[in-house]
file coords_9.txt (compact mmCIF, C-alpha atoms)
# COMPACT_ATOMS: atom_id res chain seq x y z
CA MET A 28 0.00 0.00 0.00
CA VAL A 29 2.75 2.41 0.94
CA ALA A 30 4.77 1.53 -2.19
CA ARG A 31 1.75 2.11 -4.40
CA LEU A 32 1.12 5.52 -2.83
CA TRP A 33 4.79 6.39 -3.31
CA ARG A 34 4.61 5.46 -7.02
CA LEU A 35 1.48 7.58 -7.47
CA ALA A 36 3.20 10.49 -5.77
CA ARG A 37 6.12 10.22 -8.24
CA GLY A 38 3.84 9.62 -11.24
CA GLN A 39 3.59 6.63 -13.57
CA VAL A 40 2.77 5.98 -17.25
CA ARG A 41 1.01 3.06 -18.93
CA VAL A 42 2.52 2.52 -22.42
CA ARG A 43 1.93 0.34 -25.48
CA VAL A 44 5.09 -0.88 -27.20
CA THR A 45 4.88 -2.08 -30.81
CA GLY A 46 7.58 -3.35 -33.17
CA ALA A 47 9.29 -6.47 -34.40
CA SER A 48 12.16 -6.22 -31.89
CA LEU A 49 10.37 -6.52 -28.56
CA PRO A 50 13.14 -8.76 -27.09
CA ARG A 51 15.69 -6.08 -27.91
CA PHE A 52 13.44 -3.52 -26.15
CA LEU A 53 13.20 -5.66 -23.01
CA ASN A 54 16.97 -6.26 -22.94
CA LEU A 55 17.62 -2.54 -23.25
CA CYS A 56 15.31 -1.79 -20.31
CA ALA A 57 17.03 -4.44 -18.19
CA ALA A 58 20.49 -3.13 -19.09
CA HIS A 59 19.69 0.43 -18.02
CA GLY A 60 17.68 -0.51 -14.91
CA LEU A 61 14.30 0.59 -16.27
CA MET A 62 11.61 -1.24 -14.32
CA LEU A 63 8.55 -2.46 -16.21
CA ARG A 64 5.50 -3.42 -14.12
CA GLY A 65 2.23 -4.99 -15.10
CA MET A 66 3.51 -6.26 -18.46
CA GLU A 67 0.93 -7.80 -20.74
CA ARG A 68 1.81 -9.14 -24.22
CA THR A 69 -1.21 -9.03 -26.55
CA ALA A 70 0.49 -9.95 -29.83
CA TRP A 71 3.85 -11.08 -31.13
CA ASN A 72 4.70 -7.44 -31.84
CA GLU A 73 2.75 -5.64 -29.09
CA LEU A 74 2.91 -5.41 -25.28
CA TYR A 75 1.67 -3.16 -22.51
CA ALA A 76 3.69 -2.09 -19.49
CA THR A 77 3.75 0.51 -16.69
CA LEU A 78 6.80 2.68 -15.94
CA SER A 79 7.52 5.38 -13.46
CA LEU A 80 7.67 8.89 -14.87
CA GLN A 81 11.43 9.02 -14.27
CA ASP A 82 12.04 5.72 -16.12
CA PHE A 83 9.81 6.82 -19.00
CA ARG A 84 11.86 9.98 -19.50
CA ALA A 85 15.08 7.92 -19.49
CA LEU A 86 13.57 5.45 -21.98
CA ARG A 87 13.14 8.15 -24.59
CA ARG A 88 16.92 8.44 -24.94
CA TYR A 89 17.29 4.77 -25.94
CA MET A 90 14.24 4.16 -28.15
CA GLY A 91 16.13 4.74 -31.41
CA ARG A 92 18.23 1.62 -30.81
CA THR A 93 15.31 -0.76 -30.41
CA GLY A 94 13.33 -0.24 -33.57
CA CYS A 95 10.11 -0.13 -31.50
CA ARG A 96 7.55 2.57 -30.99
CA VAL A 97 6.12 3.57 -27.61
CA HIS A 98 2.63 5.07 -27.25
CA ILE A 99 1.30 6.51 -23.98
CA VAL A 100 -1.99 4.87 -22.99
CA ARG A 101 -2.65 6.40 -19.60
CA ARG A 102 -1.02 8.85 -17.23
CA CYS A 103 -1.67 8.88 -13.46
CA GLY A 104 -0.09 10.31 -10.33
CA ALA A 105 0.47 13.58 -8.53
CA PRO A 106 2.66 15.31 -11.21
CA PHE A 107 -0.03 14.92 -13.91
CA THR A 108 -2.83 15.98 -11.53
CA ALA A 109 -0.87 19.09 -10.55
CA ALA A 110 -0.23 19.89 -14.22
CA ARG A 111 -3.96 19.71 -14.97
CA LEU A 112 -4.86 21.88 -12.01
CA ARG A 113 -2.07 24.44 -12.46
CA PRO A 114 -4.15 26.89 -14.56
CA ARG A 115 -7.02 26.86 -12.06
CA ILE A 116 -6.09 29.84 -9.89
CA ALA A 117 -9.36 29.85 -7.95
CA LEU A 118 -8.86 26.23 -6.91
CA TRP A 119 -5.31 26.82 -5.69
CA GLY A 120 -6.40 30.01 -3.97
CA GLY A 121 -9.17 28.14 -2.20
CA PHE A 122 -6.73 25.42 -1.16
CA LEU A 123 -4.34 28.00 0.28
CA LEU A 124 -7.23 29.74 2.02
CA LEU A 125 -8.33 26.41 3.50
CA ALA A 126 -4.80 25.68 4.67
CA ALA A 127 -4.58 29.13 6.29
CA LEU A 128 -7.97 28.63 7.93
CA CYS A 129 -6.90 25.24 9.32
CA TRP A 130 -3.72 26.82 10.70
CA VAL A 131 -5.68 29.63 12.35
CA LEU A 132 -8.15 27.16 13.84
CA CYS A 133 -5.52 24.77 15.18
CA ALA A 134 -2.97 27.33 16.34
CA HIS A 135 -5.28 29.62 18.32
CA ILE A 136 -7.76 29.28 21.18
CA TRP A 137 -11.35 29.79 20.06
CA ALA A 138 -13.35 28.36 22.97
CA VAL A 139 -12.87 28.68 26.73
CA ASP A 140 -14.68 26.41 29.20
CA VAL A 141 -14.59 27.83 32.72
CA GLN A 142 -14.83 25.59 35.80
CA ILE A 143 -14.02 27.83 38.78
CA ASP A 144 -14.82 26.98 42.40
CA PRO A 145 -17.34 29.30 44.14
CA THR A 146 -14.71 30.16 46.76
CA LEU A 147 -12.91 32.17 44.05
CA ASP A 148 -14.08 35.26 42.17
CA ALA A 149 -14.56 33.88 38.64
CA ALA A 150 -14.66 37.33 37.01
CA GLU A 151 -11.43 38.37 38.73
CA VAL A 152 -9.68 35.11 37.80
CA MET A 153 -10.67 35.41 34.11
CA GLN A 154 -9.61 39.08 34.04
CA GLN A 155 -6.19 38.19 35.42
CA LEU A 156 -5.84 35.35 32.90
CA ASP A 157 -6.76 37.77 30.12
CA GLU A 158 -4.02 40.15 31.28
CA LEU A 159 -1.58 37.23 31.13
CA GLY A 160 -2.58 36.51 27.52
CA VAL A 161 -5.11 33.69 28.03
CA HIS A 162 -8.16 34.69 26.00
CA VAL A 163 -10.11 33.81 22.88
CA GLY A 164 -7.88 34.22 19.84
CA ALA A 165 -4.60 33.77 21.73
CA ARG A 166 -1.89 31.78 19.94
CA ILE A 167 -1.36 28.48 21.76
CA SER A 168 2.38 28.26 21.08
CA ALA A 169 2.90 31.72 22.65
CA LEU A 170 1.41 30.68 26.01
CA ASP A 171 3.76 29.46 28.72
CA PHE A 172 1.24 27.61 30.88
CA ARG A 173 3.74 26.81 33.63
CA SER A 174 4.62 30.49 34.05
CA ILE A 175 0.94 31.48 33.90
CA ARG A 176 0.05 28.99 36.65
CA TRP A 177 2.86 30.30 38.86
CA LYS A 178 1.79 33.93 38.39
CA MET A 179 -1.87 33.11 39.05
CA MET A 180 -0.99 31.35 42.29
CA GLN A 181 0.79 34.54 43.36
CA LEU A 182 -2.14 36.76 42.37
CA GLN A 183 -4.71 34.49 44.04
CA PRO A 184 -3.36 33.49 47.49
CA HIS A 185 -6.49 31.43 48.26
CA MET A 186 -6.20 29.38 45.05
CA THR A 187 -5.10 25.79 45.72
CA PHE A 188 -5.30 24.32 42.19
CA LEU A 189 -5.22 25.71 38.65
CA ALA A 190 -5.24 23.68 35.43
CA LEU A 191 -5.14 25.02 31.87
CA ASN A 192 -5.87 22.12 29.52
CA VAL A 193 -5.81 22.59 25.75
CA LYS A 194 -7.64 20.07 23.58
CA GLY A 195 -7.76 20.95 19.92
CA ASN A 196 -8.48 24.68 19.92
CA SER A 197 -10.51 24.60 23.14
CA LEU A 198 -9.17 25.63 26.53
CA THR A 199 -10.54 24.35 29.84
CA VAL A 200 -9.82 26.46 32.93
CA GLN A 201 -10.17 24.58 36.21
CA ALA A 202 -9.54 26.47 39.44
CA TYR A 203 -10.19 25.54 43.05
CA GLY A 204 -9.66 27.53 46.22
CA ARG A 205 -10.21 27.51 49.93
CA GLU A 206 -12.11 29.77 52.24
CA PRO A 207 -9.88 32.40 53.85
CA PRO A 208 -8.93 31.19 57.33
CA GLU A 209 -10.68 32.81 60.22
CA GLU A 210 -8.58 35.19 62.22
CA LYS A 211 -7.51 33.53 65.43
CA LEU A 212 -6.18 35.19 68.49
CA ASP A 213 -2.61 34.63 69.50
CA GLU A 214 -2.16 31.39 71.40
CA ASP A 215 -0.09 33.26 74.01
CA ALA A 216 -2.63 36.06 74.45
CA VAL A 217 -4.92 36.28 77.48
CA VAL A 218 -8.34 35.38 76.13
CA LYS A 219 -11.77 35.01 77.65
CA VAL A 220 -15.01 33.53 76.30
CA VAL A 221 -17.93 35.96 76.10
CA ALA A 222 -21.57 35.66 75.06
CA ALA A 223 -22.32 36.32 71.39
CA ARG A 224 -26.06 36.66 72.12
CA GLU A 225 -28.33 36.79 75.13
CA GLY A 226 -29.93 33.68 76.57
CA VAL A 227 -30.14 31.31 79.52
CA VAL A 228 -27.12 29.06 80.06
CA LYS A 229 -27.80 25.36 79.59
CA SER A 230 -24.29 23.94 80.07
CA VAL A 231 -20.69 25.10 80.38
CA LYS A 232 -17.74 23.02 79.19
CA ALA A 233 -14.49 24.83 79.95
CA LEU A 234 -11.37 23.33 78.36
CA GLU A 235 -9.13 26.10 79.68
CA GLY A 236 -9.89 29.07 81.94
CA GLN A 237 -12.28 29.66 84.82
CA PRO A 238 -16.09 29.39 84.25
CA VAL A 239 -17.93 32.36 85.77
CA VAL A 240 -21.49 31.25 84.89
CA GLN A 241 -23.43 28.07 85.46
CA ALA A 242 -26.57 26.41 84.17
CA GLY A 243 -29.65 28.57 84.66
CA ASP A 244 -27.83 31.94 84.57
CA ALA A 245 -29.19 34.59 82.24
CA VAL A 246 -26.50 36.34 80.20
CA ALA A 247 -26.45 39.33 77.87
CA VAL A 248 -24.33 40.02 74.84
CA GLY A 249 -20.70 40.57 75.87
CA ASP A 250 -20.97 39.00 79.32
CA THR A 251 -17.95 36.94 80.36
CA LEU A 252 -18.68 33.20 80.39
CA ILE A 253 -15.20 31.73 80.87
CA SER A 254 -12.50 34.01 82.29
CA GLY A 255 -8.84 33.91 81.35
CA LEU A 256 -7.88 34.64 84.96
CA VAL A 257 -7.56 31.27 86.70
CA PRO A 258 -7.54 31.25 90.54
CA PRO A 259 -5.05 29.12 92.48
CA THR A 260 -5.85 25.44 92.71
CA ARG A 261 -3.71 24.75 95.81
CA GLU A 262 -3.08 26.51 99.10
CA GLU A 263 0.22 28.15 98.22
CA GLY A 264 -0.59 28.58 94.55
CA GLY A 265 -1.22 31.84 92.75
CA TYR A 266 -3.38 33.28 90.05
CA ARG A 267 -2.41 32.71 86.43
CA LEU A 268 -3.54 34.03 83.04
CA ALA A 269 -4.65 31.59 80.35
CA HIS A 270 -6.13 31.37 76.86
CA ALA A 271 -9.68 30.44 77.80
CA ARG A 272 -11.41 27.84 75.64
CA GLY A 273 -14.71 26.06 75.89
CA ALA A 274 -18.29 25.71 74.73
CA VAL A 275 -21.29 27.32 76.38
CA GLU A 276 -24.73 26.19 75.29
CA ALA A 277 -27.71 28.40 76.03
CA TYR A 278 -31.42 28.62 75.40
CA THR A 279 -31.93 31.54 73.01
CA VAL A 280 -34.86 33.30 71.38
CA HIS A 281 -34.88 34.79 67.87
CA GLN A 282 -37.47 37.17 66.49
CA VAL A 283 -38.15 37.19 62.75
CA ASP A 284 -40.48 39.70 61.09
CA ALA A 285 -41.39 39.46 57.40
CA ALA A 286 -44.00 40.88 55.03
CA ARG A 287 -45.10 39.98 51.50
CA ALA A 288 -47.52 41.71 49.16
CA LEU A 289 -50.54 39.58 48.32
CA GLU A 290 -51.07 41.23 44.94
CA THR A 291 -48.28 40.45 42.50
CA ALA A 292 -47.69 41.08 38.81
CA GLY A 293 -48.46 38.09 36.59
CA LYS A 294 -48.06 37.47 32.87
CA THR A 295 -50.51 36.75 30.07
CA TYR A 296 -48.63 35.90 26.89
CA THR A 297 -50.01 37.52 23.75
CA GLY A 298 -48.47 35.09 21.26
CA LYS A 299 -46.27 37.76 19.67
CA VAL A 300 -42.68 36.64 19.18
CA LYS A 301 -39.78 38.62 17.70
CA ARG A 302 -36.30 37.31 16.86
CA GLN A 303 -33.04 39.12 16.27
CA TYR A 304 -29.91 37.56 14.81
CA ALA A 305 -26.24 38.37 15.23
CA LEU A 306 -23.01 36.75 14.09
CA THR A 307 -19.86 36.64 16.20
CA LEU A 308 -16.47 36.19 14.53
CA GLY A 309 -13.85 35.71 17.21
CA ASN A 310 -14.26 38.71 19.50
CA GLN A 311 -16.23 40.75 16.97
CA ARG A 312 -20.04 40.85 16.77
CA LEU A 313 -22.08 41.68 13.67
CA ASN A 314 -25.74 42.50 14.32
CA PHE A 315 -28.31 41.74 11.63
CA TYR A 316 -30.87 44.09 13.15
CA ILE A 317 -31.29 47.83 13.56
CA GLY A 318 -31.10 49.41 16.99
CA SER A 319 -30.11 47.89 20.30
CA GLY A 320 -31.00 44.53 21.78
CA ILE A 321 -33.14 46.19 24.48
CA ASP A 322 -36.88 46.03 23.87
CA ARG A 323 -39.10 48.53 25.67
CA GLY A 324 -42.19 46.31 25.72
CA SER A 325 -43.17 43.76 28.34
CA CYS A 326 -41.45 40.60 27.21
CA ASP A 327 -39.19 37.72 28.18
CA LYS A 328 -35.80 37.76 26.46
CA ILE A 329 -34.20 34.43 25.57
CA ILE A 330 -30.66 34.32 24.15
CA GLU A 331 -29.38 31.23 22.32
CA THR A 332 -25.84 30.84 20.97
CA HIS A 333 -25.10 28.25 18.28
CA THR A 334 -21.37 27.70 17.75
CA LEU A 335 -20.02 26.04 14.62
CA HIS A 336 -17.74 23.13 15.55
CA LEU A 337 -16.34 19.93 14.12
CA SER A 338 -16.12 18.16 17.50
CA ASP A 339 -16.07 18.98 21.18
CA SER A 340 -12.41 20.00 20.95
CA VAL A 341 -12.32 21.69 17.51
CA VAL A 342 -14.46 24.82 17.45
CA PHE A 343 -14.79 27.44 14.72
CA PRO A 344 -14.64 31.07 15.88
CA VAL A 345 -18.10 31.60 14.40
CA SER A 346 -21.33 31.69 16.42
CA LEU A 347 -24.90 32.55 15.55
CA VAL A 348 -26.71 34.45 18.32
CA VAL A 349 -30.51 34.31 18.35
CA GLN A 350 -32.39 36.73 20.63
CA THR A 351 -36.04 35.80 21.08
CA TYR A 352 -38.57 38.21 22.60
CA VAL A 353 -41.81 36.67 23.89
CA TYR A 354 -44.33 39.41 24.65
CA TYR A 355 -46.91 39.37 27.42
CA GLU A 356 -49.44 41.64 29.08
CA PRO A 357 -49.16 42.33 32.82
CA ALA A 358 -51.94 40.56 34.68
CA PRO A 359 -52.13 41.22 38.45
CA GLN A 360 -52.56 38.11 40.58
CA THR A 361 -53.96 38.11 44.10
CA ALA A 362 -53.05 35.42 46.63
CA SER A 363 -54.45 34.69 50.07
CA VAL A 364 -52.59 34.42 53.36
CA ASP A 365 -52.93 30.63 53.26
CA ASP A 366 -51.32 30.52 49.79
CA VAL A 367 -48.10 32.16 51.03
CA ARG A 368 -48.01 30.64 54.52
CA VAL A 369 -45.74 27.67 53.81
CA ASP A 370 -43.23 29.67 51.79
CA MET A 371 -43.03 32.51 54.31
CA LEU A 372 -42.59 30.12 57.26
CA SER A 373 -39.81 28.16 55.54
CA ARG A 374 -37.98 31.35 54.58
CA ALA A 375 -38.27 32.76 58.10
CA LEU A 376 -36.97 29.56 59.68
CA GLY A 377 -34.11 29.45 57.19
CA GLN A 378 -33.23 33.05 58.01
CA ALA A 379 -33.19 32.32 61.74
CA ALA A 380 -31.14 29.12 61.36
CA SER A 381 -28.60 30.62 58.94
CA GLY A 382 -26.74 32.53 61.66
CA MET A 383 -27.22 29.95 64.37
CA ASP A 384 -24.63 27.53 65.82
CA GLY A 385 -27.18 25.10 67.16
CA THR A 386 -30.64 23.65 66.57
CA VAL A 387 -34.18 25.00 66.61
CA THR A 388 -36.26 23.46 69.38
CA ALA A 389 -39.61 25.22 68.86
CA HIS A 390 -41.22 28.14 67.12
CA SER A 391 -44.47 30.07 67.22
CA GLU A 392 -45.81 32.56 64.75
CA THR A 393 -48.68 34.85 63.85
CA LEU A 394 -49.54 35.47 60.21
CA ALA A 395 -52.21 38.00 59.32
CA GLU A 396 -53.26 40.25 56.46
CA GLN A 397 -52.55 43.93 56.95
CA ASN A 398 -53.04 46.60 54.27
CA GLY A 399 -52.96 44.10 51.39
CA ALA A 400 -49.88 42.26 52.65
CA ALA A 401 -49.20 39.10 54.65
CA VAL A 402 -47.33 40.08 57.83
CA LEU A 403 -45.45 37.40 59.78
CA HIS A 404 -44.15 37.62 63.33
CA MET A 405 -42.19 34.50 64.32
CA THR A 406 -40.51 33.58 67.59
CA VAL A 407 -37.87 30.85 67.31
CA HIS A 408 -36.54 29.01 70.36
CA ALA A 409 -33.17 27.31 69.99
CA VAL A 410 -30.27 25.71 71.82
CA GLU A 411 -26.98 27.02 70.50
CA GLN A 412 -23.36 27.60 71.34
CA ILE A 413 -23.03 31.28 72.23
CA GLY A 414 -19.42 31.48 73.43
CA VAL A 415 -16.86 33.41 71.34
CA GLU A 416 -13.28 34.31 72.18
CA ALA A 417 -12.25 37.88 73.00
CA LEU A 418 -9.18 39.52 74.51
CA ASP A 419 -9.15 39.55 78.30
CA ASP A 420 -7.74 42.60 80.07
CA SER A 421 -7.64 40.88 83.46
CA THR A 422 -4.45 41.19 85.54
CA ILE A 423 -3.12 39.01 88.31
CA PRO A 424 -4.25 40.54 91.64
CA GLU A 425 -1.62 41.56 94.18
CA ILE A 426 -1.52 39.40 97.34
CA PRO A 427 -1.02 41.45 100.56
CA PRO A 428 2.08 40.47 102.58
CA ASP A 429 1.60 38.27 105.68
CA ASN A 430 1.60 40.08 109.09
CA THR A 431 4.35 38.21 111.04
CA ASP A 432 5.47 40.87 113.68
CA GLY A 433 2.44 40.30 116.01
CA GLY A 434 1.39 43.97 115.77
CA THR A 435 -2.07 45.20 114.91
CA PRO A 436 -2.92 45.24 111.29

call {"tool": "encode", "arguments": {"input": "coords_9.txt", "output": "structure tokens"}}
result
Amino acid sequence: MVARLWRLARGQVRVRVTGASLPRFLNLCAAHGLMLRGMERTAWNELYATLSLQDFRALRRYMGRTGCRVHIVRRCGAPFTAARLRPRIALWGGFLLLAALCWVLCAHIWAVDVQIDPTLDAAEVMQQLDELGVHVGARISALDFRSIRWKMMQLQPHMTFLALNVKGNSLTVQAYGREPPEEKLDEDAVVKVVAAREGVVKSVKALEGQPVVQAGDAVAVGDTLISGLVPPTREEGGYRLAHARGAVEAYTVHQVDAARALETAGKTYTGKVKRQYALTLGNQRLNFYIGSGIDRGSCDKIIETHTLHLSDSVVFPVSLVVQTYVYYEPAPQTASVDDVRVDMLSRALGQAASGMDGTVTAHSETLAEQNGAAVLHMTVHAVEQIGVEALDDSTIPEIPPDNTDGGTP
């Protein structure tokens, strides 16, 4: 197969040889190394054979010695095809244009798939990548991905992983990060545990420090729960300062107030639909409509983008954008208090539990209609951990000297 393709690339000729001295012709070809393939003798003075184009040109120099005549029956191969197509300028121009288009498609990035963790600012990450040269239309060979990764890790201190994978002319950006660590007080600092919200203490578990409250005590925001000043534990011991740690559970009460209008704007679709088309070439957009893409009527706007591609990894920098406007007439809708009860209660409970380090134990609520709105007042009872660390300004108290001289104090 490979040899046949190689012969076609060099060109070959099918000839008919006639004459009374065919043996002399064959001997001459053998003497000068001219290879005849596919020989077929049809008469005592006629045979057919196939030669390469190079051997055929050499044969012309020796034909006068053989007394035979050679007629070309068929020509095939790349040299003859190129000779036939040489005058066709449009064809060659189209071929060159296709080759240039293939080079542009394969050598540049024309599609970017973004997979960025929510802990990172996706817009900021893509802007920084754009400043480093990673964008649609960038030449792949000009991008040093190792250097780009290193610079991005410097620009994004909370980024833990960044991958830039090129497949075909598509780029996939994968980035993961971590939540910024909470600020912690110095381990050597004197710290106390105070109440983050008011409540009634349920239990105190002090890992370090001196508890100053017990179960059943009512505390307000900022009250000390576990002190960093630890009293002596033996007769001759003294006070010491510590980094207080522990958990303090308390019964707490949360109040949630919410309101929702019972009359809302609805939609009645009229059946009128309008479409606008645009073509994007790389980073350029060509609109096939007059004016802006903002419609002043009441309508839903749907945008669809159809990108021309050969496969998932080979994408053309051409996209058709279709903007569809579906028009409607505003139609007010009125709901009752019972219709919105479940949704309002679930939202209120979610709001109360979102900032809570504990569990909800009970809740009570009143939901009534006031001035065309549903008004909710909810009381949520919970058991939660209310202790937070704060700097302690306590100092070790001075111990008065012992009176050893027997005098009056």

call {"tool": "residues_around", "arguments": {"input": "coords_9.txt", "residues": "range 157-163 of chain A", "least_positions_apart": "5", "cutoff": "12 Å", "atoms": "only C-alpha atoms", "output": "PyMOL selection string"}}
result
chain A and resi 132+134-141+150-152+168-179+182+191-193+196-200+308-311+342-345

call {"tool": "closest_residue", "arguments": {"input": "coords_9.txt", "among": "A:Ala379, A:Thr388, A:Gly226, A:Thr295", "to": "Gln360 in chain A", "atoms": "all atoms listed in the file"}}
result
A:Thr295

call {"tool": "residues_around", "arguments": {"input": "coords_9.txt", "residues": "Thr361 in chain A", "least_positions_apart": "3", "cutoff": "9 Å", "atoms": "only C-alpha atoms", "output": "MDAnalysis selection string"}}
result
chainID A and resid 288:292

call {"tool": "atom_distance", "arguments": {"input": "coords_9.txt", "atom1": "CA of Ala223 in chain A", "atom2": "CA of Ala389 in chain A"}}
result
20.7 Å

call {"tool": "atom_distance", "arguments": {"input": "coords_9.txt", "atom1": "CA of Phe188 in chain A", "atom2": "CA of Leu147 in chain A"}}
result
11.1 Å

call {"tool": "closest_residue", "arguments": {"input": "coords_9.txt", "among": "A:Asp82, A:Ala57, A:Tyr316, A:Leu418", "to": "Arg302 in chain A", "atoms": "all atoms listed in the file"}}
result
A:Tyr316

call {"tool": "residues_around", "arguments": {"input": "coords_9.txt", "residues": "range 268-283 of chain A", "least_positions_apart": "5", "cutoff": "7 Å", "atoms": "all atoms listed in the file", "output": "ChimeraX atom specification"}}
result
/A:214-220,225-236,253-257,375,379,404-414

call {"tool": "residues_near_point", "arguments": {"input": "coords_9.txt", "point": "(-27.0, 29.3, 18.2)", "cutoff": "9 Å", "atoms": "only C-alpha atoms", "output": "PDB file with C-alpha atoms, in the frame of the given file"}}
result
ATOM      1  CA  ILE A 330     -30.660  34.320  24.150  1.00  0.00           C
ATOM      2  CA  GLU A 331     -29.380  31.230  22.320  1.00  0.00           C
ATOM      3  CA  THR A 332     -25.840  30.840  20.970  1.00  0.00           C
ATOM      4  CA  HIS A 333     -25.100  28.250  18.280  1.00  0.00           C
ATOM      5  CA  THR A 334     -21.370  27.700  17.750  1.00  0.00           C
ATOM      6  CA  LEU A 335     -20.020  26.040  14.620  1.00  0.00           C
ATOM      7  CA  SER A 346     -21.330  31.690  16.420  1.00  0.00           C
ATOM      8  CA  LEU A 347     -24.900  32.550  15.550  1.00  0.00           C
ATOM      9  CA  VAL A 348     -26.710  34.450  18.320  1.00  0.00           C
ATOM     10  CA  VAL A 349     -30.510  34.310  18.350  1.00  0.00           C
TER      11      VAL A 349
END

call {"tool": "atom_distance", "arguments": {"input": "coords_9.txt", "atom1": "CA of Asp366 in chain A", "atom2": "CA of Ala395 in chain A"}}
result
12.1 Å

call {"tool": "residues_around", "arguments": {"input": "coords_9.txt", "residues": "Gly65 in chain A", "least_positions_apart": "5", "cutoff": "10 Å", "atoms": "only C-alpha atoms", "output": "list in words"}}
result
Arg41, Tyr75, Ala76, Thr77 and Leu78 of chain A

call {"tool": "residues_around", "arguments": {"input": "coords_9.txt", "residues": "Leu80 in chain A", "least_positions_apart": "4", "cutoff": "12 Å", "atoms": "all atoms listed in the file", "output": "PyMOL selection string"}}
result
chain A and resi 34-42+61-63+84-87+99+101-107

call {"tool": "axis_aligned_box", "arguments": {"input": "coords_9.txt", "around": "range 268-277 of chain A", "padding_each_side": "6 Å", "output": "lines of an AutoDock Vina configuration file"}}
result
center_x = -15.6
center_y = 29.9
center_z = 78.9
size_x = 36.2
size_y = 20.3
size_z = 20.3

call {"tool": "closest_residue", "arguments": {"input": "coords_9.txt", "among": "A:Ala165, A:Ala30, A:Cys129, A:Val44", "to": "Thr69 in chain A", "atoms": "all atoms listed in the file"}}
result
A:Val44

call {"tool": "closest_residue", "arguments": {"input": "coords_9.txt", "among": "A:Val131, A:Ser325, A:Leu112, A:Val369", "to": "Gly164 in chain A", "atoms": "all atoms listed in the file"}}
result
A:Val131

call {"tool": "closest_residue", "arguments": {"input": "coords_9.txt", "among": "A:Cys133, A:Tyr354, A:Pro259, A:Ile167", "to": "Leu337 in chain A", "atoms": "only C-alpha atoms"}}
result
A:Cys133
